[in-house]
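**Q** My structure is below; once you've seen it, I'll send some questions.
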Amino acid sequence: MNNTETIFALSSGHGKSGVAVIRISGDKLYDLFLRITNRKSADARHAYFANMHDNTGDIIDQIVGIYFIAPRSFTGTDVIEIYSHGAPAVIDKIFEYLRDNGARMAQPGEFSRRAFYNNKMDLADIDGLAALLDAQTDMQRRSALQSMMGGDSHTYDAWRTQMIEISAYAAAMLDYADDELPANIGNTIREKTQKLYDEIENALSRYTAVRAIRSGFNVALVGKTNVGKSSLFNAILGANRAIVSDIPGTTRDVVSATLDIGGYMVNLSDTAGLRETDDTIEKIGIQRTQSEIENADIIINVQSTENSPHIPQTIKSNEIYVINKMDLSTDKKIPNAIYVSAKSGAGIAELTKIIGTKISAIAKTAENSVAVNARTRGLLIGAARELKNALDCEHENYDIFSEHTRRAADAIGKILGTITANDVLDATFSQLCLGK
């Protein structure tokens, strides 16, 4: 990919808007900026109001233009930003002008890819940027922003630096006499390797919580047929999304919706009732219910006052037991259960609060940890495995110890992008939108 071609894209949202932002990146764009703003000279990082003309002299629009000179820009190349009116016809005309002047439409993520090549961002920062662009709740924003601003990169870089140092000392132990090396160097590098291994394992243990913050907490409503799961689903959402009927087995598939609880994104699922059945379609629905239970961060076990509800003595930390249809019976005998009425709305606020409390407890385990995603998880598992292999080496085999810690450092390098392949880059940058 040519890093000096002039590329452009709409960085703001598509559709009619008050203002559109068009970003241009390339090599030596000063002359193009003067033509766009109809000026004889211009300063970098200064906003200019101008009438933008096409190549025939007709006015395209009144714009504000800013010129960022390399390397002091998002991409590290020259960058022009045009702020025009957001009418689709105006945007199309500006795009036409840019094409006529030798520019081409950017590919998804191409601006960020240039920033990566010019050492403005590493792959961990790019992962954070992608998560930020997808953020729908405040907690998703906070988590992504920490990664994008280098929080994760700092940790990964520190780990990799230590691994390289450990590998170098282990290799040196083969070539130097004991009195030429720091005292107790063998024990020291093993202790440091153990500490790194523990830190990476700790980060991996928090993967589920980080994944939930980034992608949403999976909350599943489960229970037998006709206990009011669908009514409860609608009551929590405050909208009629699921079909409600007195006929047992009405819900035969998973019905899902997203909502914001306490700043966290929640993927709420209404599932098929659990019972023995000969109905082929209902059986498929029950199988999907089992899958939802396996993937759920929180399980809401729904029972009914009509069917002799029973709560086990031991309740898992991710389970909530709800007894529905309290409007049919005011007798609240069972402890550790939340009584609600999906019909009247009684108890729904309390249930939502408890869901939020459990979510906060899960999310707390992800605090002060790197945001492990699907890409980085595999590489961290590989790094931990190599460190464990190093620790399992015999004390005299420091050549093998050195090789394992070097491989661990390479795995962390792939997270940052200091060691990577084109297919990894393609997959990472393609998740970004045009103009980023």
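For the structure tokens, the naming scheme is as follows: chains receive sequential letters (A, B, ...) according to their order of presentation, residues are indexed from 1 within each chain, and ligands are indexed from 1 in presentation order.
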Which neighbours of Arg214 of chain A fall inside 7 Å, counting only C-alpha atoms, when residues of the same chain fewer than 2 positions from it are skipped, and could you give them as an MDAnalysis selection string?

**A** chainID A and resid 131 140 210:212 216

**Q** Mind dumping the selected residues with N, CA, C and O atoms as a PDB file, in the first residue's frame?

**A**
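Generated output (part-v9.pdb):
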```
ATOM      1  N   ALA A 131     -12.585   0.029  19.341  1.00  0.00           N
ATOM      2  CA  ALA A 131     -13.564  -0.143  20.414  1.00  0.00           C
ATOM      3  C   ALA A 131     -14.259   1.175  20.743  1.00  0.00           C
ATOM      4  O   ALA A 131     -15.462   1.197  21.028  1.00  0.00           O
ATOM      5  N   GLN A 140     -18.131   1.596  28.126  1.00  0.00           N
ATOM      6  CA  GLN A 140     -17.425   1.183  26.913  1.00  0.00           C
ATOM      7  C   GLN A 140     -16.498   2.302  26.444  1.00  0.00           C
ATOM      8  O   GLN A 140     -15.369   2.050  26.025  1.00  0.00           O
ATOM      9  N   VAL A 210     -13.573  -8.001  30.649  1.00  0.00           N
ATOM     10  CA  VAL A 210     -13.236  -6.986  29.639  1.00  0.00           C
ATOM     11  C   VAL A 210     -14.097  -7.176  28.403  1.00  0.00           C
ATOM     12  O   VAL A 210     -14.600  -6.212  27.817  1.00  0.00           O
ATOM     13  N   ARG A 211     -14.277  -8.435  27.996  1.00  0.00           N
ATOM     14  CA  ARG A 211     -15.120  -8.723  26.831  1.00  0.00           C
ATOM     15  C   ARG A 211     -16.540  -8.230  27.062  1.00  0.00           C
ATOM     16  O   ARG A 211     -17.175  -7.654  26.159  1.00  0.00           O
ATOM     17  N   ALA A 212     -17.044  -8.419  28.274  1.00  0.00           N
ATOM     18  CA  ALA A 212     -18.408  -7.987  28.579  1.00  0.00           C
ATOM     19  C   ALA A 212     -18.536  -6.472  28.543  1.00  0.00           C
ATOM     20  O   ALA A 212     -19.539  -5.933  28.063  1.00  0.00           O
ATOM     21  N   GLY A 216     -20.765  -5.998  25.729  1.00  0.00           N
ATOM     22  CA  GLY A 216     -22.056  -6.064  26.409  1.00  0.00           C
ATOM     23  C   GLY A 216     -22.138  -7.290  27.312  1.00  0.00           C
ATOM     24  O   GLY A 216     -21.613  -8.359  26.990  1.00  0.00           O
TER      25      GLY A 216
END
```

**Q** Can you list, as a PyMOL selection string, every protein, DNA or RNA residue that comes within 12 Å of Phe74 of chain A when you count only C-alpha atoms, leaving out same-chain residues fewer than 3 positions away?

**A** chain A and resi 23-26+67-71+77-81+110-121+435-436

**Q** One number please: atom CA of Ser341 of chain A to atom CA of Val322 of chain A, in Å, one decimal.

**A**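 One can read the atom CA of Ser341 of chain A to atom CA of Val322 of chain A distance as 9.9 Å.
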
**Q** Calculate how many Å separate atom CA of Gly86 of chain A from atom CA of Ile60 of chain A, rounding to one decimal.

**A** 12.3 Å

**Q** Could you jot down the atom CA of Val19 of chain A to atom CA of Pro88 of chain A separation for me, Å, one decimal place?

**A**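 So the answer is 10.9 Å.
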
**Q** Please list as a PyMOL selection string every residue within 10 Å of Ile400 of chain A, counting only C-alpha atoms and excluding residues in the same chain fewer than 2 positions away.

**A** chain A and resi 167+170-171+389-390+393-394+396-398+402-406

**Q** I need the residues from that last selection saved to file as a CSV table (one decimal), in the first residue's frame (with C-alpha atoms), if you can.

**A**
```csv
chain,number,residue,atom,x,y,z
A,167,SER,CA,16.5,-13.4,27.5
A,170,ALA,CA,20.0,-16.0,30.2
A,171,ALA,CA,22.0,-16.1,27.0
A,389,ASN,CA,8.2,-23.4,29.4
A,390,ALA,CA,11.2,-21.3,30.5
A,393,CYS,CA,13.7,-25.6,32.2
A,394,GLU,CA,16.5,-27.2,34.2
A,396,GLU,CA,21.6,-25.3,33.7
A,397,ASN,CA,19.6,-25.0,30.4
A,398,TYR,CA,19.7,-21.2,30.1
A,402,SER,CA,16.6,-17.6,26.7
A,403,GLU,CA,14.8,-18.9,23.6
A,404,HIS,CA,11.5,-19.3,25.4
A,405,THR,CA,11.6,-15.8,26.9
A,406,ARG,CA,12.6,-14.4,23.5
```

**Q** Excluding segment 15-17 of chain A and its own-chain neighbours fewer than 5 positions away, which residues fall within 10 Å of it when counting only C-alpha atoms? Please give them as a list in words.

**A**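 Within the cut-off, the hits are Ser84, His85, Gly86, Ala87, Pro88, Ala89 and Ile91 of chain A.
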
**Q** With N, CA, C and O atoms retained, write the just-selected residues as a PDB file, in the first residue's frame.

**A**
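again.pdb, written as the output of this step:
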```pdb
ATOM      1  N   SER A  84     -17.346  21.402   5.786  1.00  0.00           N
ATOM      2  CA  SER A  84     -18.324  21.960   4.845  1.00  0.00           C
ATOM      3  C   SER A  84     -19.725  21.768   5.399  1.00  0.00           C
ATOM      4  O   SER A  84     -19.909  21.169   6.466  1.00  0.00           O
ATOM      5  N   HIS A  85     -20.730  22.246   4.669  1.00  0.00           N
ATOM      6  CA  HIS A  85     -22.105  21.897   5.012  1.00  0.00           C
ATOM      7  C   HIS A  85     -22.314  20.415   4.694  1.00  0.00           C
ATOM      8  O   HIS A  85     -21.668  19.856   3.817  1.00  0.00           O
ATOM      9  N   GLY A  86     -23.215  19.782   5.461  1.00  0.00           N
ATOM     10  CA  GLY A  86     -23.343  18.330   5.373  1.00  0.00           C
ATOM     11  C   GLY A  86     -24.306  17.815   4.335  1.00  0.00           C
ATOM     12  O   GLY A  86     -24.707  16.642   4.410  1.00  0.00           O
ATOM     13  N   ALA A  87     -24.688  18.629   3.364  1.00  0.00           N
ATOM     14  CA  ALA A  87     -25.594  18.157   2.310  1.00  0.00           C
ATOM     15  C   ALA A  87     -24.893  17.118   1.440  1.00  0.00           C
ATOM     16  O   ALA A  87     -23.734  17.312   1.056  1.00  0.00           O
ATOM     17  N   PRO A  88     -25.540  15.995   1.131  1.00  0.00           N
ATOM     18  CA  PRO A  88     -24.916  14.970   0.293  1.00  0.00           C
ATOM     19  C   PRO A  88     -24.393  15.521  -1.027  1.00  0.00           C
ATOM     20  O   PRO A  88     -23.322  15.111  -1.502  1.00  0.00           O
ATOM     21  N   ALA A  89     -25.118  16.488  -1.632  1.00  0.00           N
ATOM     22  CA  ALA A  89     -24.676  17.060  -2.909  1.00  0.00           C
ATOM     23  C   ALA A  89     -23.369  17.833  -2.754  1.00  0.00           C
ATOM     24  O   ALA A  89     -22.508  17.804  -3.638  1.00  0.00           O
ATOM     25  N   ILE A  91     -21.019  17.251  -0.412  1.00  0.00           N
ATOM     26  CA  ILE A  91     -19.965  16.265  -0.164  1.00  0.00           C
ATOM     27  C   ILE A  91     -19.539  15.600  -1.474  1.00  0.00           C
ATOM     28  O   ILE A  91     -18.351  15.441  -1.748  1.00  0.00           O
TER      29      ILE A  91
END
```

**Q** Give me every helix (DSSP H, G or I) residue in segment 206-383 of chain A, going by DSSP on the backbone, as a VMD selection string.

**A** chain A and resid 207 to 215 229 to 237 280 to 295 305 to 307 326 to 328 348 to 364 374 to 383

**Q** Of the candidates A:Gly263, A:Gly378, A:Gly102, A:Gly345, which shows the shortest atom-to-atom distance to Arg141 of chain A, using only C-alpha atoms?

**A**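 Closest to Arg141 of chain A, using only C-alpha atoms: A:Gly263.
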
**Q** Using only C-alpha atoms for the distances, tell me which of A:Lys192, A:Lys364, A:Lys388, A:Arg375 is nearest to Lys414 of chain A.

**A**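 Using only C-alpha atoms, Lys414 of chain A sits closest to A:Arg375.
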
**Q** Which residues are close to Ile299 of chain A, i.e. within 9 Å by only C-alpha atoms, leaving aside same-chain residues fewer than 3 positions away? Reply as a CSV table (one decimal) with C-alpha atoms, in the first residue's frame.

**A**
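Just written: result_27.csv:
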```csv
chain,number,residue,atom,x,y,z
A,218,ASN,CA,-25.0,-11.3,28.4
A,219,VAL,CA,-28.1,-11.6,30.6
A,220,ALA,CA,-30.4,-14.6,30.0
A,221,LEU,CA,-33.9,-15.0,31.3
A,222,VAL,CA,-34.4,-18.8,31.8
A,293,ILE,CA,-27.1,-20.3,29.6
A,296,ALA,CA,-24.4,-15.8,29.9
A,318,ASN,CA,-23.9,-14.9,38.6
A,319,GLU,CA,-27.5,-16.1,39.3
A,320,ILE,CA,-30.6,-14.2,40.2
A,321,TYR,CA,-33.7,-16.0,41.2
```

**Q** How would you write, as an mmCIF file with C-alpha atoms, in the first residue's frame, the set of residues in segment 312-343 of chain A that DSSP gives as strand (DSSP E)?

**A**
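Output file states_36.cif is given in full below:
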```
data_model
loop_
_atom_site.group_PDB
_atom_site.id
_atom_site.type_symbol
_atom_site.label_atom_id
_atom_site.label_comp_id
_atom_site.auth_asym_id
_atom_site.auth_seq_id
_atom_site.Cartn_x
_atom_site.Cartn_y
_atom_site.Cartn_z
ATOM 1 C CA GLU A 319 -27.460 -16.109 39.257
ATOM 2 C CA ILE A 320 -30.560 -14.154 40.206
ATOM 3 C CA TYR A 321 -33.749 -15.980 41.218
ATOM 4 C CA VAL A 322 -36.960 -14.162 40.384
ATOM 5 C CA ILE A 323 -40.469 -15.154 41.377
ATOM 6 C CA ASN A 324 -42.919 -13.604 38.938
ATOM 7 C CA ILE A 338 -36.821 -11.220 44.138
ATOM 8 C CA TYR A 339 -40.587 -11.019 43.857
#
```

**Q** Extract, using only C-alpha atoms, all DNA, RNA and protein residues at most 10 Å from Gly356 of chain A, discarding same-chain residues fewer than 2 positions from it, and format them as number ranges by chain.

**A** A: 260-264, 266, 350-354, 358-362

**Q** Between A:Leu387, A:Lys28, A:Ile66, A:Ser230, which is the closest to Ala42 of chain A once you count only C-alpha atoms?

**A** A:Ile66
